[in-house]
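To be precise, the following lines are input_35.pdb, and they hold PDB, C-alpha atoms.
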```
ATOM      1  CA  MET Z   1    -142.341-144.658-127.763
ATOM      2  CA  GLN Z   2    -145.069-142.450-129.230
ATOM      3  CA  THR Z   3    -144.040-139.375-131.162
ATOM      4  CA  GLY Z   4    -145.835-136.794-133.263
ATOM      5  CA  ARG Z   5    -147.535-133.513-132.632
ATOM      6  CA  ARG Z   6    -148.266-134.483-129.054
ATOM      7  CA  LEU Z   7    -144.600-133.853-128.338
ATOM      8  CA  LEU Z   8    -145.433-130.148-128.391
ATOM      9  CA  ALA Z   9    -147.317-130.784-125.184
ATOM     10  CA  LEU Z  10    -144.505-132.721-123.582
ATOM     11  CA  SER Z  11    -142.833-131.153-120.592
ATOM     12  CA  LEU Z  12    -140.146-132.357-118.296
ATOM     13  CA  VAL Z  13    -140.733-132.245-114.555
ATOM     14  CA  ILE Z  14    -138.187-132.756-111.808
ATOM     15  CA  TYR Z  15    -138.757-133.011-108.102
ATOM     16  CA  MET Z  16    -136.219-131.311-105.867
ATOM     17  CA  ALA Z  17    -136.102-131.656-102.103
ATOM     18  CA  SER Z  18    -134.337-128.335-101.481
ATOM     19  CA  PHE Z  19    -133.830-124.873-102.930
ATOM     20  CA  PHE Z  20    -132.537-124.587-106.500
ATOM     21  CA  TYR Z  21    -129.103-123.093-107.010
ATOM     22  CA  GLY Z  22    -129.325-119.447-107.959
ATOM     23  CA  CYS Z  23    -133.067-119.259-107.119
ATOM     24  CA  GLY Z  24    -133.231-118.373-103.458
ATOM     25  CA  ALA Z  25    -130.705-121.105-102.638
ATOM     26  CA  GLN Z  26    -128.935-121.285 -99.347
ATOM     27  CA  PRO Z  27    -125.207-120.732 -99.837
ATOM     28  CA  ALA Z  28    -123.288-123.987-100.159
ATOM     29  CA  ASP Z  29    -120.287-124.759 -98.021
ATOM     30  CA  SER Z  30    -117.488-123.225-100.079
ATOM     31  CA  ASN Z  31    -115.050-125.795 -98.705
ATOM     32  CA  ALA Z  32    -117.163-128.814 -99.628
ATOM     33  CA  LYS Z  33    -116.402-130.465-102.961
ATOM     34  CA  ARG Z  34    -118.312-133.184-104.714
ATOM     35  CA  GLN Z  35    -116.191-136.119-105.885
ATOM     36  CA  THR Z  36    -116.400-135.905-109.670
ATOM     37  CA  VAL Z  37    -116.846-139.160-111.589
ATOM     38  CA  THR Z  38    -114.144-139.365-114.261
ATOM     39  CA  SER Z  39    -114.890-142.819-115.707
ATOM     40  CA  VAL Z  40    -118.451-143.522-116.865
ATOM     41  CA  LEU Z  41    -120.182-146.889-116.913
ATOM     42  CA  MET Z  42    -120.351-148.249-120.453
ATOM     43  CA  PRO Z  43    -122.422-151.213-121.689
ATOM     44  CA  GLU Z  44    -120.542-154.170-123.122
ATOM     45  CA  ALA Z  45    -121.531-156.828-125.641
ATOM     46  CA  THR Z  46    -119.359-159.572-124.173
ATOM     47  CA  GLY Z  47    -120.862-162.321-126.315
ATOM     48  CA  GLU Z  48    -121.288-164.703-123.397
ATOM     49  CA  VAL Z  49    -125.066-165.032-123.839
ATOM     50  CA  VAL Z  50    -126.260-164.326-127.379
ATOM     51  CA  TYR Z  51    -129.457-165.284-129.208
ATOM     52  CA  GLY Z  52    -130.475-164.646-132.789
ATOM     53  CA  ASN Z  53    -130.141-165.625-136.424
ATOM     54  CA  ASN Z  54    -128.575-164.167-139.543
ATOM     55  CA  GLN Z  55    -130.983-161.221-139.394
ATOM     56  CA  SER Z  56    -130.728-160.197-135.768
ATOM     57  CA  SER Z  57    -128.702-160.563-132.592
ATOM     58  CA  ILE Z  58    -129.682-160.185-128.946
ATOM     59  CA  ASP Z  59    -126.762-160.028-126.520
ATOM     60  CA  ALA Z  60    -128.156-160.744-123.054
ATOM     61  CA  SER Z  61    -124.798-161.166-121.334
ATOM     62  CA  ASN Z  62    -125.498-158.220-119.022
ATOM     63  CA  ALA Z  63    -129.223-158.632-118.474
ATOM     64  CA  GLY Z  64    -128.545-158.734-114.736
ATOM     65  CA  ASN Z  65    -127.104-155.227-115.015
ATOM     66  CA  GLY Z  66    -130.338-154.059-116.590
ATOM     67  CA  TYR Z  67    -129.723-153.916-120.317
ATOM     68  CA  LEU Z  68    -129.746-155.842-123.585
ATOM     69  CA  GLN Z  69    -127.861-155.082-126.781
ATOM     70  CA  VAL Z  70    -129.832-155.688-129.948
ATOM     71  CA  THR Z  71    -128.712-155.521-133.583
ATOM     72  CA  TYR Z  72    -130.757-155.891-136.757
ATOM     73  CA  ASN Z  73    -128.672-157.177-139.690
ATOM     74  CA  GLY Z  74    -131.380-157.800-142.279
ATOM     75  CA  SER Z  75    -131.986-156.080-145.613
ATOM     76  CA  ALA Z  76    -134.999-153.949-144.652
ATOM     77  CA  LEU Z  77    -134.456-150.221-144.321
ATOM     78  CA  GLN Z  78    -136.464-150.036-141.103
ATOM     79  CA  ALA Z  79    -136.638-152.340-138.098
ATOM     80  CA  LYS Z  80    -138.033-152.360-134.588
ATOM     81  CA  VAL Z  81    -137.668-154.334-131.404
ATOM     82  CA  GLN Z  82    -140.416-154.907-128.880
ATOM     83  CA  ILE Z  83    -139.623-155.824-125.282
ATOM     84  CA  SER Z  84    -142.476-157.115-123.133
ATOM     85  CA  MET Z  85    -141.739-156.501-119.454
ATOM     86  CA  PRO Z  86    -142.658-158.849-116.571
ATOM     87  CA  ASP Z  87    -145.784-156.729-115.984
ATOM     88  CA  THR Z  88    -146.652-157.185-119.734
ATOM     89  CA  THR Z  89    -145.965-153.528-120.621
ATOM     90  CA  VAL Z  90    -144.545-153.493-124.155
ATOM     91  CA  TYR Z  91    -141.715-151.135-125.038
ATOM     92  CA  THR Z  92    -141.105-150.487-128.751
ATOM     93  CA  TYR Z  93    -137.821-149.127-130.098
ATOM     94  CA  THR Z  94    -136.690-148.200-133.597
ATOM     95  CA  LEU Z  95    -133.477-149.928-134.683
ATOM     96  CA  THR Z  96    -130.916-148.531-137.098
ATOM     97  CA  PRO Z  97    -129.967-151.441-139.413
ATOM     98  CA  GLY Z  98    -126.459-152.708-138.706
ATOM     99  CA  GLN Z  99    -126.109-150.686-135.507
ATOM    100  CA  GLU Z 100    -126.014-152.210-132.043
ATOM    101  CA  GLU Z 101    -128.449-150.530-129.673
ATOM    102  CA  THR Z 102    -128.411-150.654-125.877
ATOM    103  CA  LEU Z 103    -131.923-151.097-124.478
ATOM    104  CA  PRO Z 104    -132.844-151.012-120.781
ATOM    105  CA  LEU Z 105    -134.585-153.724-118.787
ATOM    106  CA  THR Z 106    -136.433-151.526-116.335
ATOM    107  CA  GLY Z 107    -139.108-154.029-115.344
ATOM    108  CA  GLY Z 108    -137.049-155.682-112.645
ATOM    109  CA  PRO Z 109    -136.416-159.431-112.407
ATOM    110  CA  GLY Z 110    -138.826-161.720-114.189
ATOM    111  CA  HIS Z 111    -139.907-162.899-117.624
ATOM    112  CA  TYR Z 112    -139.179-160.808-120.715
ATOM    113  CA  SER Z 113    -140.250-161.390-124.319
ATOM    114  CA  ILE Z 114    -138.072-159.844-127.027
ATOM    115  CA  SER Z 115    -139.214-159.593-130.656
ATOM    116  CA  VAL Z 116    -137.191-158.160-133.541
ATOM    117  CA  LEU Z 117    -139.275-157.035-136.508
ATOM    118  CA  GLU Z 118    -138.475-155.680-139.964
ATOM    119  CA  ASN Z 119    -140.537-153.432-142.176
ATOM    120  CA  ALA Z 120    -142.417-155.428-144.812
ATOM    121  CA  TYR Z 121    -144.443-152.664-146.494
ATOM    122  CA  ASP Z 122    -146.122-149.402-145.521
ATOM    123  CA  ASN Z 123    -146.424-149.532-141.710
ATOM    124  CA  MET Z 124    -146.503-153.320-141.549
ATOM    125  CA  TYR Z 125    -143.708-155.249-139.826
ATOM    126  CA  ALA Z 126    -142.800-158.927-139.923
ATOM    127  CA  LEU Z 127    -141.216-160.929-137.119
ATOM    128  CA  VAL Z 128    -137.640-162.012-137.822
ATOM    129  CA  PHE Z 129    -136.678-163.373-134.404
ATOM    130  CA  SER Z 130    -138.097-163.693-130.900
ATOM    131  CA  LYS Z 131    -136.747-164.846-127.583
ATOM    132  CA  GLU Z 132    -138.297-165.560-124.186
ATOM    133  CA  LEU Z 133    -135.868-164.538-121.472
ATOM    134  CA  ASP Z 134    -136.014-165.132-117.730
ATOM    135  CA  VAL Z 135    -133.898-162.705-115.717
ATOM    136  CA  PRO Z 136    -133.688-163.904-112.098
ATOM    137  CA  ALA Z 137    -132.139-160.714-110.704
ATOM    138  CA  ILE Z 138    -131.545-157.157-111.876
ATOM    139  CA  ASP Z 139    -129.646-154.554-109.902
ATOM    140  CA  ASP Z 140    -131.969-151.833-108.585
ATOM    141  CA  TYR Z 141    -129.866-148.927-109.815
ATOM    142  CA  LEU Z 142    -127.639-150.037-112.711
ATOM    143  CA  PRO Z 143    -130.404-149.783-115.351
ATOM    144  CA  TYR Z 144    -130.529-146.094-114.471
ATOM    145  CA  LEU Z 145    -126.779-145.498-114.578
ATOM    146  CA  TYR Z 146    -125.849-146.958-117.954
ATOM    147  CA  PRO Z 147    -126.374-145.006-121.178
ATOM    148  CA  ASN Z 148    -129.045-146.369-123.495
ATOM    149  CA  LEU Z 149    -130.722-145.542-126.794
ATOM    150  CA  TYR Z 150    -132.677-142.596-125.366
ATOM    151  CA  ALA Z 151    -129.882-141.146-123.227
ATOM    152  CA  TRP Z 152    -126.629-142.037-124.946
ATOM    153  CA  PHE Z 153    -123.193-140.894-123.851
ATOM    154  CA  THR Z 154    -119.628-142.193-123.812
ATOM    155  CA  GLN Z 155    -116.476-141.235-121.978
ATOM    156  CA  ASP Z 156    -115.644-138.735-124.730
ATOM    157  CA  SER Z 157    -119.139-137.285-125.215
ATOM    158  CA  ALA Z 158    -119.702-133.568-124.876
ATOM    159  CA  VAL Z 159    -122.398-134.268-122.300
ATOM    160  CA  THR Z 160    -119.947-136.300-120.205
ATOM    161  CA  GLN Z 161    -117.388-133.514-120.301
ATOM    162  CA  MET Z 162    -120.061-130.971-119.404
ATOM    163  CA  GLY Z 163    -121.109-133.136-116.463
ATOM    164  CA  MET Z 164    -117.538-133.225-115.150
ATOM    165  CA  GLU Z 165    -117.242-129.454-115.520
ATOM    166  CA  ILE Z 166    -120.471-128.814-113.608
ATOM    167  CA  SER Z 167    -119.542-131.394-110.966
ATOM    168  CA  SER Z 168    -116.200-129.692-110.335
ATOM    169  CA  GLN Z 169    -118.164-126.638-109.175
ATOM    170  CA  SER Z 170    -120.583-128.624-107.004
ATOM    171  CA  SER Z 171    -120.476-129.244-103.282
ATOM    172  CA  SER Z 172    -122.672-132.378-103.176
ATOM    173  CA  ASP Z 173    -124.881-134.632-105.287
ATOM    174  CA  LEU Z 174    -127.902-132.445-104.560
ATOM    175  CA  ASN Z 175    -125.980-129.303-105.438
ATOM    176  CA  TYR Z 176    -124.895-131.005-108.676
ATOM    177  CA  VAL Z 177    -128.532-131.826-109.557
ATOM    178  CA  GLU Z 178    -129.461-128.209-108.875
ATOM    179  CA  ARG Z 179    -126.656-126.907-111.095
ATOM    180  CA  VAL Z 180    -127.574-129.329-113.892
ATOM    181  CA  TYR Z 181    -131.164-128.094-113.722
ATOM    182  CA  GLN Z 182    -130.040-124.488-113.995
ATOM    183  CA  TYR Z 183    -127.657-125.282-116.853
ATOM    184  CA  VAL Z 184    -130.441-126.896-118.862
ATOM    185  CA  ILE Z 185    -133.118-124.233-118.392
ATOM    186  CA  GLN Z 186    -130.647-121.414-119.010
ATOM    187  CA  ASN Z 187    -128.919-122.849-122.078
ATOM    188  CA  ILE Z 188    -131.467-124.961-123.966
ATOM    189  CA  GLN Z 189    -134.314-123.268-125.806
ATOM    190  CA  TYR Z 190    -137.526-125.033-126.775
ATOM    191  CA  ASP Z 191    -137.522-125.932-130.482
ATOM    192  CA  THR Z 192    -141.072-125.058-131.525
ATOM    193  CA  GLN Z 193    -140.386-125.844-135.182
ATOM    194  CA  LEU Z 194    -139.216-129.388-134.440
ATOM    195  CA  ALA Z 195    -142.092-129.872-131.994
ATOM    196  CA  GLN Z 196    -144.615-129.126-134.737
ATOM    197  CA  ASP Z 197    -143.428-132.026-136.891
ATOM    198  CA  PRO Z 198    -140.862-134.310-135.205
ATOM    199  CA  PRO Z 199    -139.595-137.272-137.242
ATOM    200  CA  VAL Z 200    -141.308-140.609-136.718
ATOM    201  CA  GLY Z 201    -139.298-142.630-134.196
ATOM    202  CA  TYR Z 202    -137.461-139.542-132.992
ATOM    203  CA  VAL Z 203    -134.448-140.407-130.828
ATOM    204  CA  PRO Z 204    -132.878-137.630-128.722
ATOM    205  CA  SER Z 205    -129.138-136.996-128.638
ATOM    206  CA  PRO Z 206    -127.728-135.195-125.578
ATOM    207  CA  ASP Z 207    -124.627-134.082-127.501
ATOM    208  CA  ALA Z 208    -126.744-132.705-130.355
ATOM    209  CA  THR Z 209    -128.912-130.819-127.864
ATOM    210  CA  ILE Z 210    -125.846-129.214-126.291
ATOM    211  CA  ALA Z 211    -124.446-128.317-129.725
ATOM    212  CA  SER Z 212    -127.662-126.766-131.033
ATOM    213  CA  GLY Z 213    -128.788-125.217-127.758
ATOM    214  CA  LYS Z 214    -132.375-126.252-128.450
ATOM    215  CA  GLY Z 215    -134.658-129.254-128.367
ATOM    216  CA  ILE Z 216    -138.101-130.605-127.661
ATOM    217  CA  CYS Z 217    -139.091-131.922-124.267
ATOM    218  CA  PHE Z 218    -137.802-135.421-124.938
ATOM    219  CA  ASP Z 219    -134.409-133.782-125.506
ATOM    220  CA  TYR Z 220    -134.621-131.969-122.159
ATOM    221  CA  ALA Z 221    -135.272-135.248-120.366
ATOM    222  CA  SER Z 222    -132.551-137.078-122.278
ATOM    223  CA  LEU Z 223    -129.948-134.368-121.661
ATOM    224  CA  MET Z 224    -130.610-134.213-117.934
ATOM    225  CA  THR Z 225    -130.613-138.003-117.691
ATOM    226  CA  ALA Z 226    -127.225-138.217-119.407
ATOM    227  CA  LEU Z 227    -125.724-135.420-117.294
ATOM    228  CA  LEU Z 228    -126.832-137.106-114.078
ATOM    229  CA  ARG Z 229    -126.047-140.717-115.000
ATOM    230  CA  SER Z 230    -122.602-139.857-116.304
ATOM    231  CA  GLN Z 231    -121.855-138.525-112.812
ATOM    232  CA  GLY Z 232    -123.075-141.670-111.078
ATOM    233  CA  ILE Z 233    -126.536-140.452-110.062
ATOM    234  CA  PRO Z 234    -129.269-143.009-110.868
ATOM    235  CA  THR Z 235    -131.869-141.298-113.039
ATOM    236  CA  LYS Z 236    -135.054-142.559-114.652
ATOM    237  CA  LEU Z 237    -136.206-141.003-117.899
ATOM    238  CA  VAL Z 238    -139.970-141.292-117.447
ATOM    239  CA  VAL Z 239    -142.705-140.924-120.071
ATOM    240  CA  GLY Z 240    -146.392-140.908-119.264
ATOM    241  CA  TYR Z 241    -149.299-138.545-118.756
ATOM    242  CA  SER Z 242    -150.009-135.471-116.678
ATOM    243  CA  GLY Z 243    -153.770-135.455-116.832
ATOM    244  CA  GLN Z 244    -154.529-135.747-120.554
ATOM    245  CA  GLN Z 245    -151.153-134.402-121.647
ATOM    246  CA  TYR Z 246    -148.447-136.761-122.862
ATOM    247  CA  HIS Z 247    -145.507-135.905-120.691
ATOM    248  CA  ALA Z 248    -141.814-136.597-119.982
ATOM    249  CA  TRP Z 249    -139.920-136.090-116.748
ATOM    250  CA  ILE Z 250    -137.129-137.597-114.703
ATOM    251  CA  SER Z 251    -136.808-139.245-111.312
ATOM    252  CA  VAL Z 252    -133.524-138.907-109.453
ATOM    253  CA  TYR Z 253    -132.104-141.108-106.719
ATOM    254  CA  LEU Z 254    -130.268-139.391-103.876
ATOM    255  CA  GLN Z 255    -128.842-141.339-100.952
ATOM    256  CA  GLU Z 256    -130.305-138.912 -98.440
ATOM    257  CA  THR Z 257    -133.874-139.119 -99.737
ATOM    258  CA  GLY Z 258    -134.207-142.104-102.116
ATOM    259  CA  TRP Z 259    -136.117-141.693-105.385
ATOM    260  CA  VAL Z 260    -137.609-138.238-105.813
ATOM    261  CA  ASP Z 261    -140.168-137.419-108.490
ATOM    262  CA  LYS Z 262    -142.033-134.638-110.216
ATOM    263  CA  ALA Z 263    -141.251-130.967-109.552
ATOM    264  CA  ILE Z 264    -140.845-128.568-106.700
ATOM    265  CA  TYR Z 265    -139.360-125.085-107.100
ATOM    266  CA  PHE Z 266    -138.556-122.565-104.339
ATOM    267  CA  ASP Z 267    -138.856-118.961-105.544
ATOM    268  CA  GLY Z 268    -137.405-117.427-102.372
ATOM    269  CA  ASN Z 269    -140.754-117.109-100.651
ATOM    270  CA  SER Z 270    -142.808-120.229-101.304
ATOM    271  CA  TRP Z 271    -142.776-123.646-102.930
ATOM    272  CA  VAL Z 272    -144.395-123.897-106.378
ATOM    273  CA  LEU Z 273    -144.445-126.546-109.056
ATOM    274  CA  MET Z 274    -141.819-125.963-111.720
ATOM    275  CA  ASP Z 275    -141.461-127.163-115.311
ATOM    276  CA  PRO Z 276    -137.998-126.603-116.790
ATOM    277  CA  THR Z 277    -139.275-126.667-120.370
ATOM    278  CA  LEU Z 278    -141.541-123.752-119.599
ATOM    279  CA  GLY Z 279    -138.859-122.298-117.359
ATOM    280  CA  ALA Z 280    -136.483-122.247-120.295
ATOM    281  CA  SER Z 281    -139.030-120.315-122.340
ATOM    282  CA  ASN Z 282    -139.834-117.842-119.549
ATOM    283  CA  ASN Z 283    -143.440-118.999-119.162
ATOM    284  CA  ARG Z 284    -143.132-119.816-115.480
ATOM    285  CA  SER Z 285    -146.431-118.213-114.493
ATOM    286  CA  ASP Z 286    -148.320-120.985-116.311
ATOM    287  CA  VAL Z 287    -146.493-123.881-114.674
ATOM    288  CA  LYS Z 288    -148.791-124.643-111.772
ATOM    289  CA  LYS Z 289    -151.887-124.330-113.947
ATOM    290  CA  TYR Z 290    -150.357-126.692-116.509
ATOM    291  CA  VAL Z 291    -149.090-129.486-114.262
ATOM    292  CA  GLY Z 292    -151.586-129.155-111.412
ATOM    293  CA  ASP Z 293    -150.519-130.410-108.012
ATOM    294  CA  GLY Z 294    -148.557-133.358-109.392
ATOM    295  CA  SER Z 295    -151.013-135.940-108.062
ATOM    296  CA  HIS Z 296    -152.321-136.947-111.490
ATOM    297  CA  TYR Z 297    -149.063-138.150-113.042
ATOM    298  CA  VAL Z 298    -149.325-141.558-114.691
ATOM    299  CA  VAL Z 299    -146.121-143.400-115.587
ATOM    300  CA  LYS Z 300    -146.237-145.381-118.834
ATOM    301  CA  PHE Z 301    -142.576-146.060-119.598
ATOM    302  CA  GLN Z 302    -139.260-145.799-117.763
ATOM    303  CA  TYR Z 303    -136.000-145.744-119.694
TER     304      TYR Z 303
END
```

Please express what this file holds, its structure, as structure tokens.
Amino acid sequence: MQTGRRLLALSLVIYMASFFYGCGAQPADSNAKRQTVTSVLMPEATGEVVYGNNQSSIDASNAGNGYLQVTYNGSALQAKVQISMPDTTVYTYTLTPGQEETLPLTGGPGHYSISVLENAYDNMYALVFSKELDVPAIDDYLPYLYPNLYAWFTQDSAVTQMGMEISSQSSSDLNYVERVYQYVIQNIQYDTQLAQDPPVGYVPSPDATIASGKGICFDYASLMTALLRSQGIPTKLVVGYSGQQYHAWISVYLQETGWVDKAIYFDGNSWVLMDPTLGASNNRSDVKKYVGDGSHYVVKFQY
């Protein structure tokens, strides 16, 4: 995951197939109620399939559900793990020493290469353990329902409780997505100070974003991903490019329409592209100019 000053240019984009709640929306059926999810999916390190040495551990017991759990136990202060997907795309994550991290397998079934590395000096890392892993089958949706390093939540998380509160007011999955969108753009302000100099290896925290009421675009994507996944809606946190701009957005799966991507906003008269990061900062007039027609989006990573 690349971080740095380019994060200032990040923006989150969401594609909606109908009118947004509170923005020219058609009134929902007041008698319809969405069934709120009260028990979230949580990853488990069951210990049935574990690889490693005294410096690292890779629990692959639930690889078929779309995730690994990796722990670095060495003496270095910094560590990373690299996961090469079946299509050879390499995902790099920062590990907190001694802490188990849940990492998604979003490349589908196939051959994965996992390498755990520790900091040797400066920006140089040394390999401490590697494993070649063949995963014959991965559920299509579970990787996008479980929490992971970049969109973490538990049953007791503030983001989970917020999701249940919003869901209790929603008439359907689509109405819930609309309400989540409005909650985020109305309550989270863009953190320009953090965007100017984000920490290396920055990892978003949905609960911290709710508590502070601000964040950079990676935080917007992470918060919306956690709110939707915790309510059983498969959601991809996507990072890539919009033209030359490094960019983050989400894709949402709805039973009625399948996976929907990018951004559409209905202003009461016409459809326009909509960026919730800019929406949150009241710069909506620049949205279409910034993101174009959506045809030039290039996906690099899916979490």

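Between CA of Ile210 (chain Z) and CA of Tyr181 (chain Z) there is a distance of 13.7 Å.
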
I'd like to see the residues matched by the PyMOL selection byres ((chain Z and resi 160) around 9) on this file, and ideally I'd get them as a ChimeraX atom specification.
/Z:38,40,153-159,161-165,207,226-227,230-231

Students should find that CA of Val184 (chain Z) and CA of Trp259 (chain Z) are spaced 20.8 Å

Tyr176 (chain Z) proximity check over Z:Val203, Z:Leu254, Z:Val49, Z:Val90, using only C-alpha atoms: winner is Z:Leu254

Practice problem: Name the residues that the PyMOL selection byres ((chain Z and resi 84) around 12) picks from the file above, as a PyMOL selection string, using the file's chain letters and numbers. | Solution: chain Z and resi 81-83+85-93+104-108+110-116+130-134+301

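Considering all atoms listed in the file, the residue among Z:Leu95, Z:Ala221, Z:Ala79, Z:Leu103 positioned nearest to Val239 (chain Z) is Z:Ala221.
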
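Considering the residues Z:Ser167, Z:Ser57, Z:Gln78, Z:Asn148 and counting only C-alpha atoms, Thr235 (chain Z) has its shortest atom-to-atom contact with Z:Asn148.
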
Inset, instruction - Could you pull out every residue with an atom within 10 Å of (-129.9, -153.4, -121.5), file coordinates, counting only C-alpha atoms, and send them as a PyMOL selection string? - result: chain Z and resi 43-45+59-70+101-106+142-143+146-149+303

One decimal place gives the CA of Arg179 (chain Z)-CA of Pro198 (chain Z) separation as 28.9 Å

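The smallest atom-to-atom distance between Ala151 (chain Z) and any of Z:Ala208, Z:Leu194, Z:Ile188, Z:Ala137, using only C-alpha atoms, is found for Z:Ala208.
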
Can you turn the PyMOL selection byres ((chain Z and resi 215-220) around 6) into a concrete residue list for this file, as a PDB file with C-alpha atoms, keeping the file's coordinate frame?
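Writing done, so here's part_27.pdb:
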```
ATOM      1  CA  LEU Z  10    -144.505-132.721-123.582  1.00  0.00           C
ATOM      2  CA  SER Z  11    -142.833-131.153-120.592  1.00  0.00           C
ATOM      3  CA  TYR Z 190    -137.526-125.033-126.775  1.00  0.00           C
ATOM      4  CA  ASP Z 191    -137.522-125.932-130.482  1.00  0.00           C
ATOM      5  CA  ALA Z 195    -142.092-129.872-131.994  1.00  0.00           C
ATOM      6  CA  PRO Z 204    -132.878-137.630-128.722  1.00  0.00           C
ATOM      7  CA  THR Z 209    -128.912-130.819-127.864  1.00  0.00           C
ATOM      8  CA  LYS Z 214    -132.375-126.252-128.450  1.00  0.00           C
ATOM      9  CA  ALA Z 221    -135.272-135.248-120.366  1.00  0.00           C
ATOM     10  CA  SER Z 222    -132.551-137.078-122.278  1.00  0.00           C
ATOM     11  CA  LEU Z 223    -129.948-134.368-121.661  1.00  0.00           C
TER      12      LEU Z 223
END
```

- Item | Surrounding residues of Ser168 (chain Z) excluding itself and chain neighbours under 2 positions, 8 Å, all atoms listed in the file, as a PyMOL selection string | chain Z and resi 33-36+164-166+170
